[in-house]
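The data block below is protein12.txt; it holds compact mmCIF, C-alpha atoms.
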# COMPACT_ATOMS: atom_id res chain seq x y z
CA MET A 1 113.65 93.07 75.90
CA SER A 2 117.19 93.73 74.78
CA LYS A 3 118.26 93.26 71.19
CA THR A 4 120.19 90.07 70.38
CA VAL A 5 123.60 90.78 68.90
CA ILE A 6 124.93 88.18 66.48
CA PRO A 7 128.74 87.95 66.75
CA LEU A 8 130.59 88.48 63.48
CA PRO A 9 133.94 86.79 62.87
CA VAL A 10 137.02 88.97 63.17
CA PRO A 11 138.66 89.36 59.75
CA LYS A 12 142.13 87.92 59.21
CA PRO A 13 144.98 90.33 60.00
CA GLN A 14 145.61 92.54 57.01
CA GLN A 15 147.10 95.82 55.92
CA LEU A 16 144.93 98.81 56.72
CA LEU A 17 144.26 100.36 53.33
CA ASP A 18 140.88 101.98 53.82
CA ALA A 19 138.25 102.96 56.35
CA ALA A 20 136.00 100.02 55.42
CA THR A 21 138.66 97.54 56.56
CA LEU A 22 138.93 99.22 59.96
CA GLY A 23 135.15 99.34 60.23
CA LYS A 24 134.87 95.58 59.73
CA PHE A 25 137.28 94.96 62.61
CA VAL A 26 135.48 97.39 64.93
CA ARG A 27 132.06 95.94 64.15
CA ALA A 28 133.30 92.38 64.62
CA ARG A 29 134.80 93.18 68.03
CA ARG A 30 131.65 95.04 69.09
CA THR A 31 129.37 92.17 68.13
CA GLN A 32 131.68 89.60 69.73
CA ALA A 33 131.40 91.61 72.94
CA GLY A 34 127.61 91.30 72.63
CA MET A 35 127.12 95.06 72.45
CA THR A 36 124.63 96.95 70.34
CA ILE A 37 125.96 100.00 68.57
CA HIS A 38 124.30 102.19 71.23
CA GLU A 39 125.91 100.23 74.07
CA ALA A 40 129.34 100.32 72.43
CA ALA A 41 129.12 104.05 71.78
CA ALA A 42 128.28 104.67 75.44
CA PHE A 43 131.05 102.29 76.57
CA CYS A 44 133.61 104.05 74.36
CA GLY A 45 132.37 107.55 75.17
CA VAL A 46 131.53 108.51 71.59
CA ALA A 47 128.30 109.42 69.83
CA VAL A 48 126.26 106.68 68.16
CA GLY A 49 126.72 108.53 64.86
CA THR A 50 130.48 108.40 65.30
CA MET A 51 130.37 104.66 65.96
CA SER A 52 128.16 104.15 62.93
CA LYS A 53 130.42 106.20 60.67
CA LEU A 54 133.44 104.27 61.91
CA GLU A 55 131.85 100.87 61.32
CA THR A 56 130.44 101.69 57.88
CA ALA A 57 133.15 104.06 56.61
CA GLY A 58 130.27 106.46 56.13
CA GLY A 59 132.09 109.70 56.85
CA ASP A 60 135.04 111.35 58.49
CA VAL A 61 135.80 110.45 62.10
CA LYS A 62 138.38 112.21 64.27
CA LEU A 63 141.56 110.22 64.80
CA SER A 64 141.21 110.60 68.58
CA SER A 65 137.76 108.95 68.41
CA ILE A 66 139.09 106.13 66.24
CA LEU A 67 141.93 105.45 68.66
CA THR A 68 139.58 105.53 71.66
CA VAL A 69 137.11 103.10 70.11
CA CYS A 70 139.88 100.75 69.00
CA SER A 71 141.47 100.80 72.43
CA MET A 72 138.19 100.21 74.26
CA LEU A 73 137.13 97.34 71.96
CA GLY A 74 140.55 95.68 71.73
CA VAL A 75 141.37 96.49 68.12
CA THR A 76 145.05 97.17 67.59
CA ILE A 77 146.55 99.21 64.76
CA ASN A 78 150.18 98.47 63.95
CA LEU A 79 152.31 101.17 62.37
CA GLU A 80 155.47 100.63 60.39
CA ALA A 81 157.75 103.14 58.71
CA LEU A 82 159.12 101.94 55.41
CA GLU A 83 162.78 102.62 54.80
CA GLY A 84 163.90 104.22 51.65
Kindly transcribe the structure held in the file into structure tokens.
Amino acid sequence: MSKTVIPLPVPKPQQLLDAATLGKFVRARRTQAGMTIHEAAAFCGVAVGTMSKLETAGGDVKLSSILTVCSMLGVTINLEALEG
């Protein structure tokens, strides 16, 4: 029997100030897709530990892994250079 995944609401758009904020978006998108953390890790091609660290801000994750997971799960990161 597969585990039931309860979808979490996607947070409102906000400025990315810390890893916890990004983790909330990733976890929300994963759960909305109905994927367990193991399924999402396999889908994104990263280790389960990497996915867990990303979702919980529990450690350093390579930027390339972050970008891959975000791309695969439909999380966008907007960049802006401030003038001055």
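Between atom CA of Glu39 of chain A and atom CA of Glu55 of chain A lies a distance of 14.1 Å.
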* **Spatial neighbours of Ala33 of chain A, max dist 9 Å, all atoms listed in the file, sep filter under 5 positions, as a PyMOL selection string** => chain A and resi 5+7+28+40+73
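Atom pair atom CA of Leu16 of chain A / atom CA of Ile77 of chain A: separated by 8.2 Å.
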* Asked: Neighbours of Pro13 of chain A within 12 Å (all atoms listed in the file; same-chain residues fewer than 4 positions away dropped), as a ChimeraX atom specification?
  -> /A:9,21-22,24-25,75-78
* Mind pulling up the distance from atom CA of Leu79 of chain A to atom CA of Lys12 of chain A? -> 17.0 Å
* Asked: What's the 12 Å shell around segment 46-53 of chain A, counting only C-alpha atoms, without same-chain residues fewer than 2 positions away, as a PyMOL selection string?
  -> chain A and resi 19-20+22-24+26-27+30+36-44+55-70+72-73
